[in-house]
Each structure stands twice: as structure tokens, then as C-alpha cells.
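One file, my_file_11.cif, is given below (mmCIF, C-alpha atoms).
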```cif
data_upload
loop_
_atom_site.label_atom_id
_atom_site.label_comp_id
_atom_site.auth_asym_id
_atom_site.auth_seq_id
_atom_site.Cartn_x
_atom_site.Cartn_y
_atom_site.Cartn_z
CA MET D 216 66.69 81.15 -174.32
CA LYS D 217 67.70 84.42 -175.97
CA MET D 218 68.15 87.29 -173.51
CA ARG D 219 65.70 89.98 -174.65
CA TYR D 220 65.00 91.98 -171.50
CA THR D 221 68.06 91.94 -169.24
CA GLN D 222 71.74 92.77 -169.47
CA ARG D 223 74.12 90.99 -167.10
CA ARG D 224 75.88 94.23 -166.17
CA ASP D 225 72.59 95.87 -165.11
CA LEU D 226 71.26 93.19 -162.76
CA ILE D 227 70.55 94.50 -159.27
CA ILE D 228 72.14 91.48 -157.57
CA GLY D 229 75.44 92.39 -159.23
CA LYS D 230 75.48 95.92 -157.87
CA VAL D 231 76.95 97.18 -154.61
CA GLN D 232 74.54 96.48 -151.77
CA PRO D 233 74.14 98.53 -148.56
CA THR D 234 76.66 97.77 -145.85
CA PHE D 235 74.45 99.18 -143.09
CA HIS D 236 72.00 96.81 -141.44
CA ILE D 237 68.34 97.45 -142.30
CA ASN D 238 66.48 94.91 -140.14
CA LYS D 239 66.40 91.19 -139.29
CA ARG D 240 65.64 90.26 -142.93
CA HIS D 241 68.90 91.78 -144.16
CA ASN D 242 70.91 88.60 -143.58
CA GLU D 243 68.46 86.61 -145.73
CA PHE D 244 68.82 89.20 -148.50
CA ARG D 245 72.60 88.90 -148.41
CA ARG D 246 72.36 85.09 -148.47
CA ARG D 247 70.09 85.20 -151.52
CA VAL D 248 72.29 87.68 -153.39
CA ASP D 249 75.38 85.51 -152.79
CA LEU D 250 73.49 82.38 -153.87
CA TYR D 251 72.17 83.92 -157.09
CA ASN D 252 75.55 85.38 -158.02
CA ARG D 253 77.11 81.92 -157.77
CA ASP D 254 74.81 80.77 -160.59
CA ILE D 255 74.21 84.02 -162.44
CA ASN D 256 73.35 82.27 -165.72
CA ARG D 257 70.39 80.45 -164.18
CA TYR D 258 69.30 83.59 -162.32
CA GLN D 259 69.26 85.64 -165.50
CA MET D 260 67.42 82.92 -167.41
CA ASP D 261 64.75 82.71 -164.69
CA LEU D 262 64.36 86.50 -164.78
CA GLU D 263 64.06 86.42 -168.56
CA LEU D 264 61.35 83.76 -168.27
CA LEU D 265 59.35 86.00 -165.95
CA CYS D 266 59.82 89.09 -168.13
CA SER D 267 58.61 87.10 -171.13
CA LEU D 268 55.51 85.86 -169.31
CA LEU D 269 54.66 89.35 -168.07
CA ASP D 270 55.59 91.02 -171.37
CA ILE D 271 57.49 93.53 -169.24
CA ARG D 272 57.46 97.11 -170.46
CA ARG D 273 58.62 100.42 -169.00
CA GLY D 274 55.82 102.11 -167.04
CA MET D 275 53.88 98.93 -166.25
CA LYS D 276 52.28 98.72 -162.82
CA ILE D 277 53.06 95.29 -161.34
CA LEU D 278 52.02 93.62 -158.08
CA GLU D 279 54.18 90.85 -156.64
CA ILE D 280 52.49 88.57 -154.10
CA GLY D 281 54.76 87.00 -151.48
CA GLY D 282 57.79 89.01 -152.57
CA ASP D 283 59.88 88.02 -149.52
CA VAL D 284 62.97 90.28 -149.43
CA GLY D 285 62.05 91.91 -152.73
CA ILE D 286 64.77 90.79 -155.13
CA THR D 287 62.40 90.19 -158.07
CA SER D 288 60.62 93.51 -157.52
CA LEU D 289 64.02 95.22 -157.49
CA GLU D 290 64.91 93.70 -160.86
CA LEU D 291 61.54 94.53 -162.45
CA ALA D 292 61.63 98.11 -161.14
CA ASN D 293 65.16 98.39 -162.51
CA LEU D 294 63.66 97.59 -165.94
CA GLY D 295 61.30 100.55 -165.61
CA ALA D 296 58.19 99.06 -164.00
CA THR D 297 56.36 100.53 -161.02
CA CYS D 298 56.26 97.68 -158.52
CA TYR D 299 54.08 96.91 -155.53
CA ASP D 300 55.49 94.20 -153.24
CA LEU D 301 53.03 92.56 -150.83
CA ASP D 302 54.13 89.99 -148.25
CA ILE D 303 52.53 88.70 -145.05
CA CYS D 304 55.80 88.12 -143.16
CA PRO D 305 56.83 90.69 -140.52
CA GLY D 306 59.83 92.81 -141.49
CA ASN D 307 59.77 92.18 -145.23
CA ALA D 308 57.89 95.36 -146.23
CA GLU D 309 60.17 97.52 -144.08
CA PHE D 310 63.25 95.89 -145.57
CA VAL D 311 62.08 96.20 -149.19
CA THR D 312 61.19 99.87 -148.66
CA HIS D 313 64.71 100.66 -147.48
CA ILE D 314 66.55 98.55 -150.07
CA ALA D 315 64.46 100.13 -152.86
CA ALA D 316 65.33 103.59 -151.56
CA PHE D 317 69.02 102.65 -151.52
CA HIS D 318 68.85 101.65 -155.20
CA ARG D 319 66.48 104.57 -156.03
CA LEU D 320 63.79 102.32 -157.45
CA ASP D 321 60.02 102.79 -157.61
CA ILE D 322 58.75 100.06 -155.27
CA HIS D 323 55.87 100.30 -152.82
CA ALA D 324 56.16 97.55 -150.21
CA LEU D 325 53.47 96.65 -147.69
CA ARG D 326 52.46 93.85 -145.40
CA GLY D 327 49.21 92.15 -146.36
CA ASP D 328 47.20 89.04 -147.21
CA THR D 329 46.56 87.97 -150.81
CA CYS D 330 43.06 86.84 -149.83
CA HIS D 331 42.24 90.44 -148.83
CA LEU D 332 44.23 92.70 -151.13
CA PRO D 333 44.30 96.37 -150.05
CA PHE D 334 43.93 97.76 -153.58
CA PRO D 335 41.03 99.07 -155.68
CA ASP D 336 39.59 97.09 -158.59
CA ASN D 337 41.50 97.19 -161.90
CA SER D 338 44.72 98.57 -160.39
CA PHE D 339 47.50 96.57 -162.06
CA ASP D 340 48.79 95.70 -165.53
CA ALA D 341 50.27 92.43 -164.26
CA LEU D 342 50.42 90.32 -161.12
CA TYR D 343 53.09 87.78 -160.24
CA SER D 344 53.89 85.24 -157.52
CA LYS D 345 56.54 82.57 -157.06
CA ASP D 346 56.33 79.66 -154.60
CA THR D 347 53.42 81.38 -152.86
CA PHE D 348 50.23 79.51 -153.76
CA GLU D 349 51.44 76.32 -152.09
CA HIS D 350 51.15 78.17 -148.74
CA ILE D 351 47.76 79.86 -149.32
CA TRP D 352 44.79 78.40 -147.43
CA ASP D 353 42.01 79.55 -149.77
CA VAL D 354 43.30 79.35 -153.35
CA ASP D 355 39.91 80.19 -154.90
CA LEU D 356 39.56 83.37 -152.83
CA ALA D 357 43.16 84.38 -153.58
CA LEU D 358 42.58 83.94 -157.32
CA ARG D 359 39.38 85.99 -157.18
CA GLU D 360 41.14 88.78 -155.29
CA GLN D 361 44.07 88.81 -157.70
CA LEU D 362 41.71 88.86 -160.65
CA ARG D 363 39.78 91.75 -159.07
CA VAL D 364 42.81 94.05 -158.87
CA LEU D 365 44.00 93.23 -162.40
CA LYS D 366 43.03 95.48 -165.26
CA ARG D 367 41.13 93.92 -168.16
CA GLY D 368 43.74 92.33 -170.40
CA GLY D 369 46.20 92.20 -167.50
CA ARG D 370 48.42 89.18 -167.00
CA LEU D 371 48.41 86.85 -164.01
CA CYS D 372 51.66 84.87 -163.71
CA ILE D 373 52.13 82.03 -161.22
CA LEU D 374 55.38 80.10 -160.75
CA VAL D 375 54.92 77.31 -158.25
CA GLY D 376 56.11 73.83 -157.30
CA ASN D 377 55.10 70.68 -159.14
CA LEU D 378 53.94 67.55 -157.30
CA LEU D 379 54.97 65.35 -160.26
CA ASN D 380 58.52 66.68 -160.49
CA PRO D 381 60.63 63.74 -159.19
CA ARG D 382 63.24 66.02 -157.61
CA THR D 383 60.67 68.14 -155.75
CA PHE D 384 58.69 65.09 -154.66
CA SER D 385 61.85 63.41 -153.39
CA GLU D 386 62.86 66.47 -151.35
CA LEU D 387 59.47 66.80 -149.68
CA PHE D 388 58.69 63.10 -149.27
CA PHE D 389 62.08 61.51 -148.47
CA LYS D 390 64.58 64.24 -147.51
CA LYS D 391 62.15 66.10 -145.30
CA LEU D 392 61.24 62.84 -143.56
CA LEU D 393 64.87 62.03 -142.81
CA ALA D 394 65.84 65.58 -141.83
CA SER D 395 62.96 65.84 -139.35
CA GLY D 396 63.49 62.42 -137.81
CA GLY D 397 60.13 61.24 -139.10
CA ARG D 398 58.10 64.19 -137.82
CA ASN D 399 57.50 65.71 -141.27
CA GLY D 400 57.53 64.57 -144.88
CA GLY D 401 56.68 61.08 -146.05
CA PHE D 402 53.08 59.91 -146.22
CA LYS D 403 52.19 62.30 -143.43
CA TRP D 404 53.02 65.23 -145.73
CA LEU D 405 51.48 63.63 -148.82
CA PHE D 406 48.09 62.85 -147.27
CA THR D 407 47.71 65.92 -145.05
CA LYS D 408 49.40 68.70 -147.06
CA SER D 409 46.08 70.34 -147.94
CA ARG D 410 45.36 70.99 -144.26
CA SER D 411 48.79 70.98 -142.57
CA TYR D 412 50.07 74.04 -140.74
CA GLY D 413 53.72 75.02 -140.64
CA ASP D 414 55.85 77.48 -138.66
CA PHE D 415 58.47 78.90 -141.00
CA GLY D 416 60.47 80.66 -138.31
CA ILE D 417 59.97 84.20 -139.65
CA GLY D 418 56.88 85.25 -137.73
CA TRP D 419 54.37 83.66 -140.06
CA HIS D 420 52.44 80.37 -140.08
CA GLY D 421 50.92 78.89 -143.23
CA LYS D 422 50.14 75.85 -145.29
CA ASP D 423 53.07 73.46 -145.58
CA GLU D 424 54.15 72.98 -149.24
CA ASP D 425 50.78 71.99 -150.62
CA ILE D 426 52.06 71.60 -154.18
CA LYS D 427 49.75 70.34 -156.93
CA SER D 428 49.85 68.68 -160.35
CA ILE D 429 49.49 70.43 -163.69
CA TRP D 430 46.02 68.89 -164.11
CA TRP D 431 44.89 70.30 -160.76
CA TRP D 432 45.91 73.77 -161.90
CA LYS D 433 44.17 73.33 -165.24
CA ARG D 434 40.86 72.46 -163.51
CA THR D 435 41.19 75.24 -160.96
CA LEU D 436 41.99 77.99 -163.46
CA ALA D 437 39.36 76.78 -165.93
CA SER D 438 36.72 77.11 -163.20
CA THR D 439 37.75 80.70 -162.33
CA PRO D 440 35.37 83.10 -164.13
CA GLY D 441 36.96 85.85 -166.18
CA LEU D 442 40.34 84.16 -166.52
CA ARG D 443 41.74 82.79 -169.80
CA ILE D 444 44.77 80.49 -169.64
CA THR D 445 47.55 81.45 -172.07
CA GLU D 446 50.39 79.28 -170.71
CA LEU D 447 50.25 76.12 -168.60
CA THR D 448 53.49 74.20 -168.72
CA THR D 449 56.67 73.49 -166.74
CA THR D 450 59.90 75.44 -166.53
CA ARG D 451 62.13 73.18 -168.62
CA ALA D 452 59.52 72.74 -171.33
CA TYR D 453 59.07 76.53 -171.49
CA LYS D 454 62.79 77.34 -171.51
CA HIS D 455 63.67 74.65 -174.08
CA PRO D 456 60.74 74.42 -176.54
CA ASP D 457 62.96 72.77 -179.17
CA ARG D 458 63.72 69.69 -177.02
CA LEU D 459 61.34 66.85 -177.83
CA LEU D 460 62.02 65.00 -174.57
CA TYR D 461 60.92 67.99 -172.48
CA ARG D 462 57.78 68.37 -174.57
CA LEU D 463 56.91 64.70 -174.12
CA LEU D 464 57.62 64.80 -170.37
CA ARG D 465 56.10 68.25 -169.86
CA PRO D 466 54.07 67.50 -166.69
CA PHE D 467 57.17 66.20 -164.89
CA VAL D 468 60.13 68.47 -165.81
CA GLY D 469 60.48 71.47 -163.49
CA GLY D 470 58.06 73.65 -161.61
CA HIS D 471 54.81 74.99 -163.00
CA VAL D 472 54.70 77.98 -165.35
CA ILE D 473 51.20 79.45 -165.40
CA CYS D 474 50.04 82.56 -167.20
CA ALA D 475 46.48 83.78 -167.71
CA VAL D 476 44.75 86.95 -168.91
CA LYS D 477 41.81 88.77 -167.36
CA GLU D 478 38.98 88.94 -169.91
#
```
Final C-alpha cells representation of the file:
Amino acid sequence: MKMRYTQRRDLIIGKVQPTFHINKRHNEFRRRVDLYNRDINRYQMDLELLCSLLDIRRGMKILEIGGDVGITSLELANLGATCYDLDICPGNAEFVTHIAAFHRLDIHALRGDTCHLPFPDNSFDALYSKDTFEHIWDVDLALREQLRVLKRGGRLCILVGNLLNPRTFSELFFKKLLASGGRNGGFKWLFTKSRSYGDFGIGWHGKDEDIKSIWWWKRTLASTPGLRITELTTTRAYKHPDRLLYRLLRPFVGGHVICAVKE
């Protein structure tokens, strides 16, 4: 994939980070920064994928749902966007507010629920989430709320896990079963994931990795009024459109890449 939006030298994760301690989420931020810097090529390619899906431009107003410790919002704001970062976990909004101030970036962070967004109608040029929908109880309500706050012609981008990806399925079915001593994962996860309830250890409880297939997403988005699908594929097929094998195995190679426009 040709790098159109980002320069390696300008990435926020490569810059000096604050040495003072912000709050309890600071250690997770440091862990993520170290992890991403160890595979900077993949990190930059993933960021380029998102920028391409959002058609990122200076001055855009973007809402990120489930932004965690705010790394993606930091990168998008660094490219000139005005970012709003909403997360339900305690401590994340406070952390993102302080880290954005340290880097002098235009980010507004707040704690909230995607099923009840605290924004007026038609507020944003684009809306983005990654690995968030698998934890949302009411997907239909969340989609309606996200569509409500998008401007007409605005882009909705969803990156989320794929039930048919052999690696992801193996981690959740087999590895989770072994790691938990049989308490989680396996058939228990597979048959109850739409109603299971997990404690993630960060002050928030939610649905436990309820990942879906590409056909489930196609039906769900097609039944959402006012939303037109523009991209429904998987990460490897999107990143490598010239590879025939990835095109043939599209439903199985990588996580889901979903983009739609509000009509």
C-alpha cells in the first residue's frame, strides 16, 4: 500500500512522550506505544488504511467510538482533524485530555455510551471505531445513534473482528479455553457470545468478543435505513487488492473493513 497520508517521522508514537504520570491508564498507553514501535511498518499501514477509508482531510470533524487511550485520535488530530474521543471506560477521557494537551492537539475526550451519544444531529464528517462493536449490547441502536450524529455524506468506518478468520477463531475458541482452565472460550463462548458478559478489569463490563461474519454485517448494514455500504471486505483483501488469493478468500483473511455513507 502506498503511503499517501502519513510520514514516518511525524507519527505521534515516535515522538517523546510525557514522563510524568497522568493516571492509571498511563501504563497501558506506554505499553501500546512500545508495542507499535516494535512493528512500525504494520502500524503505519494500518493508519494509512484508516485514513483512506475516512478520506482524511485537514479540518474534518471526526468522532472515535471506544478510543481507549486515544492513540488513533492523536494520530488523526496530528494530520489536522478535529477529533472527539468517546469511551465508556473510567479514566480514559481524563488520560486522553492530558496527553492531547501535552502534544498540543485538538482532541475533545469524554466518557459516554455509543447507544446514547451526547452530540446533536449532523455533528460529524466521519465516525470511526475499532474492535468496539463486538462489545456493544444493542448494535442496531448504536448504528442508529452513530448515523444520527453523522452529517449527510459523512463516512462511518468500522474495523472489527472476523468470526471466520482462522487465527481469530483459534484464539477465542482454543487458546482462551486453555488459558482459562475451561471457564471461557470453546463451545461455551461460541454458543453464548451474543449474551455473555465479561469483566475486562478496567472498570467496565460488556459483551465478550461477540464477533460476526461478513455476511452478518452485510445483512445488518443493509437493513439500517439511510446507510449505503461503500466497502465491506477484510483487511488483507483491502491492503493487497492485487493478490488473487486474498480476493478469493476474502471472507476469511483478516478482520472486517466496513465503510458506509449517510445518505
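Distance-wise, atom CA of Asn399 of chain D and atom CA of Thr383 of chain D end up 15.0 Å apart.
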Work out where the centre of an axis-aligned box around every listed atom of segment 406-409 of chain D lies and how long its edges are once 3 Å is added on each side; give both in Å to one decimal as lines of an AutoDock Vina configuration file.
```
center_x = 47.7
center_y = 66.6
center_z = -146.5
size_x = 9.3
size_y = 13.5
size_z = 8.9
```
Nearest residue to Leu436 of chain D from the set D:Ile237, D:Gly295, D:Ile473, D:Leu269 (distances using all atoms listed in the file):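 Using all atoms listed in the file, the shortest distance to Leu436 of chain D belongs to D:Ile473.
When all atoms listed in the file are used to compute distances to Thr234 of chain D, the closest of the residues D:Ile314, D:Cys304, D:Met260, D:Val354 turns out to be D:Ile314.
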Residues near Tyr299 of chain D, cut-off 8 Å, all atoms listed in the file, skip fewer than 3 positions along chain, as a list in words: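 Near Tyr299 of chain D, the qualifying residues are Lys276, Ile277, Leu278, Glu279, Ser288, Ile322, His323, Ala324 and Leu325 of chain D.
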For atom CA of Phe389 of chain D and atom CA of Trp430 of chain D, the interatomic separation in Å (one decimal): 23.6 Å
Top pick for closest residue to Phe384 of chain D, considering D:Ile286, D:Cys372, D:Leu405, D:Ala292 and counting only C-alpha atoms: D:Leu405
Exercise: Gly469 of chain D partners within 9 Å, only C-alpha atoms, chain neighbours under 3 positions left out, as a PyMOL selection string: chain D and resi 376-377+379-383+449-452+465-466+472
For Phe388 of chain D: contacts at 8 Å, only C-alpha atoms, fewer than 3 positions along chain excluded, given as a list of chain:residue names: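 Within the cut-off, the hits are D:Phe384, D:Ser385, D:Lys391, D:Leu392, D:Gly400, D:Gly401, D:Phe402, D:Trp404, D:Leu405.
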Residues matched by the PyMOL selection byres ((chain D and resi 223-228) around 9) as JSON, numbers by chain: {"D": [221, 222, 229, 230, 231, 232, 247, 248, 249, 251, 252, 255, 256, 259, 286, 289, 290, 293, 318]}
Hits from the PyMOL selection byres ((chain D and resi 422-429) around 7), listed as a compact mmCIF listing (two decimals) with C-alpha atoms, in the frame of the given file:
```txt
# COMPACT_ATOMS: atom_id res chain seq x y z
CA GLU D 349 51.44 76.32 -152.09
CA HIS D 350 51.15 78.17 -148.74
CA ILE D 351 47.76 79.86 -149.32
CA TRP D 352 44.79 78.40 -147.43
CA GLY D 376 56.11 73.83 -157.30
CA ASN D 377 55.10 70.68 -159.14
CA LEU D 378 53.94 67.55 -157.30
CA LEU D 379 54.97 65.35 -160.26
CA LYS D 408 49.40 68.70 -147.06
CA SER D 409 46.08 70.34 -147.94
CA ARG D 410 45.36 70.99 -144.26
CA SER D 411 48.79 70.98 -142.57
CA TYR D 412 50.07 74.04 -140.74
CA GLY D 413 53.72 75.02 -140.64
CA GLY D 421 50.92 78.89 -143.23
CA TRP D 430 46.02 68.89 -164.11
CA TRP D 431 44.89 70.30 -160.76
CA TRP D 432 45.91 73.77 -161.90
CA LYS D 433 44.17 73.33 -165.24
CA PRO D 466 54.07 67.50 -166.69
```
Proximity to Ser267 of chain D - best of D:Leu356, D:His236, D:Cys474, D:Leu250, only C-alpha atoms: D:Cys474
Given the PyMOL selection byres ((chain D and resi 334) around 12), the residues it picks as a PyMOL selection string: chain D and resi 278+299+301+325+327-333+335-339+360-366
Interatomic distance (Å, one decimal) between atom CA of Val476 of chain D and atom CA of Gly274 of chain D: 18.9 Å
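Ranking D:Asp302, D:Arg398, D:Gly441, D:Phe235 by their shortest atom-to-atom distance to Arg370 of chain D, with only C-alpha atoms included, puts D:Gly441 first.
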Of the listed residues D:Leu387, D:Ala296, D:Leu460, D:Ala357, that which approaches Thr439 of chain D most closely, counting all atoms listed in the file: D:Ala357
Residue contacts of Leu268 of chain D (10 Å, only C-alpha atoms) excluding same-chain residues fewer than 2 positions away, as a VMD selection string: chain D and resid 262 to 266 270 to 271 341 343 370 to 373 445 to 446 472 to 475
Completion step: segment 394-408 of chain D with N, CA and C atoms as an mmCIF file, in the coordinates of the input:
```cif
data_model
loop_
_atom_site.group_PDB
_atom_site.id
_atom_site.type_symbol
_atom_site.label_atom_id
_atom_site.label_comp_id
_atom_site.auth_asym_id
_atom_site.auth_seq_id
_atom_site.Cartn_x
_atom_site.Cartn_y
_atom_site.Cartn_z
ATOM 1 N N ALA D 394 65.313 64.413 -142.535
ATOM 2 C CA ALA D 394 65.840 65.580 -141.830
ATOM 3 C C ALA D 394 65.075 65.884 -140.542
ATOM 4 N N SER D 395 63.795 65.542 -140.518
ATOM 5 C CA SER D 395 62.960 65.840 -139.350
ATOM 6 C C SER D 395 62.866 64.669 -138.374
ATOM 7 N N GLY D 396 63.563 63.596 -138.674
ATOM 8 C CA GLY D 396 63.490 62.420 -137.810
ATOM 9 C C GLY D 396 62.130 61.762 -137.806
ATOM 10 N N GLY D 397 61.436 61.870 -138.949
ATOM 11 C CA GLY D 397 60.130 61.240 -139.100
ATOM 12 C C GLY D 397 58.952 62.106 -138.725
ATOM 13 N N ARG D 398 59.206 63.329 -138.247
ATOM 14 C CA ARG D 398 58.100 64.190 -137.820
ATOM 15 C C ARG D 398 57.354 64.818 -139.010
ATOM 16 N N ASN D 399 58.091 65.078 -140.087
ATOM 17 C CA ASN D 399 57.500 65.710 -141.270
ATOM 18 C C ASN D 399 57.878 64.924 -142.518
ATOM 19 N N GLY D 400 57.237 65.267 -143.642
ATOM 20 C CA GLY D 400 57.530 64.570 -144.880
ATOM 21 C C GLY D 400 56.832 63.228 -144.948
ATOM 22 N N GLY D 401 57.243 62.414 -145.905
ATOM 23 C CA GLY D 401 56.680 61.080 -146.050
ATOM 24 C C GLY D 401 55.184 61.104 -146.338
ATOM 25 N N PHE D 402 54.525 60.011 -145.968
ATOM 26 C CA PHE D 402 53.080 59.910 -146.220
ATOM 27 C C PHE D 402 52.296 60.912 -145.389
ATOM 28 N N LYS D 403 52.859 61.303 -144.247
ATOM 29 C CA LYS D 403 52.190 62.300 -143.430
ATOM 30 C C LYS D 403 52.031 63.603 -144.225
ATOM 31 N N TRP D 404 53.101 64.024 -144.889
ATOM 32 C CA TRP D 404 53.020 65.230 -145.730
ATOM 33 C C TRP D 404 52.084 64.996 -146.911
ATOM 34 N N LEU D 405 52.225 63.871 -147.599
ATOM 35 C CA LEU D 405 51.480 63.630 -148.820
ATOM 36 C C LEU D 405 49.969 63.629 -148.586
ATOM 37 N N PHE D 406 49.523 63.013 -147.500
ATOM 38 C CA PHE D 406 48.090 62.850 -147.270
ATOM 39 C C PHE D 406 47.457 63.980 -146.461
ATOM 40 N N THR D 407 48.285 64.841 -145.881
ATOM 41 C CA THR D 407 47.710 65.920 -145.050
ATOM 42 C C THR D 407 48.133 67.313 -145.517
ATOM 43 N N LYS D 408 48.834 67.404 -146.649
ATOM 44 C CA LYS D 408 49.400 68.700 -147.060
ATOM 45 C C LYS D 408 48.346 69.757 -147.348
#
```
